[in-house]
Amino acid sequence: PLPKLDLTQNDEFTLLLESDPDNEEVWSTMSEAEREIVEALRDGFAVVKTISNSEWTSFLKRFQVPVINRRLAQSKHEDKPPSVEEDSNSDAPLIRTFNSFVSSTSLLPSNGKKMRCYGSTKQYITGVVFQLPISYPNGESEEEAVTRTRTWSWPAGYSAKTEFNIDNRGNLINGREEALVSLSGLRKLNNSYLHDKDHGESLAY
């Protein structure tokens with residue numbers, strides 16, 4: 001096992017600071033795959049999730065074994081098995097190799113700037129990055145795909161608590177639907193957070 005790290009919220013990761021992708025020397029050392037992910041994080045087309053050390057097995061297993069949950073089915077958020085779909089934009093079918101399932105994530109400001117690392121060396125050491133689609137099958141827009149899949153997003157700090165705010169038909173209640181923000185709206189809020197002096201308390205990520 002790795003040696004124990006004695007860190008506090010005031011510690012800075014020097015190596016991380018030195019690996020700024022805006023640095024041309026750093027960029028030149030990246031592989032094509034690394035650049036693709038960095039570009040997605042830079043442009044707001046990737047979301048992140050911190051995972052508890054004790055939950056990695058169940059999290060990874062869910063990509064292969066769907067979880068049956070009546071409440072998820074009511075909200076159209078039930079796990080979906082691997083599938084093959086036709087795509088009018090391409091001659092090749094869209095092949096989904098793994099289960100699709102709903103999980104909470106965060107859309108960070110560009111390259112995660114002005115953010116503190118969240119986690120702990122005892123409970124949340126690391127997490128995952130999910131790349132968002134830049135284009136969708138059959139000419140669908142991002143907004144249309146979000147509506148069809150019932151992808152929900154709120155501003156930073158908003159306490160959605162969807163497990164307590166969904167009715168028996170899978171609809172959001174108690175003002176949660178009214179507080180929804182589009183992904184493009186979150187990107188604008190993130191940009192404001194990074195660059196506007198009068199951004200105030202409306203932090204979004």
# chains A, B, ... in the order shown; residues from 1 in each chain; ligands from 1
$ residues_around --residues "range 62-67 of chain A" --least-positions-apart "3" --cutoff "8 Å" --atoms "only C-alpha atoms" --output "VMD selection string"
chain A and resid 58 to 59 78 to 81 98 to 101
$ residues_around --residues "Leu194 in chain A" --least-positions-apart "5" --cutoff "9 Å" --atoms "only C-alpha atoms" --output "MDAnalysis selection string"
chainID A and resid 109:110 113:114 189 199
$ atom_distance --atom1 "CA of Leu41 in chain A" --atom2 "CA of Glu163 in chain A"
28.2 Å
$ closest_atom_pairs --of "range 66-175 of chain A" --to "range 11-16 of chain A" --cutoff "12 Å" --atoms "only C-alpha atoms" --output "JSON lines"
{"residue": "A:Asn111", "atom": "CA", "partner": "A:Leu16", "partner_atom": "CA", "distance": 11.6}
{"residue": "A:Gly112", "atom": "CA", "partner": "A:Leu16", "partner_atom": "CA", "distance": 11.4}
{"residue": "A:Lys113", "atom": "CA", "partner": "A:Leu16", "partner_atom": "CA", "distance": 11.6}
{"residue": "A:Met115", "atom": "CA", "partner": "A:Glu12", "partner_atom": "CA", "distance": 11.9}
{"residue": "A:Arg116", "atom": "CA", "partner": "A:Glu12", "partner_atom": "CA", "distance": 9.6}
{"residue": "A:Cys117", "atom": "CA", "partner": "A:Glu12", "partner_atom": "CA", "distance": 9.7}
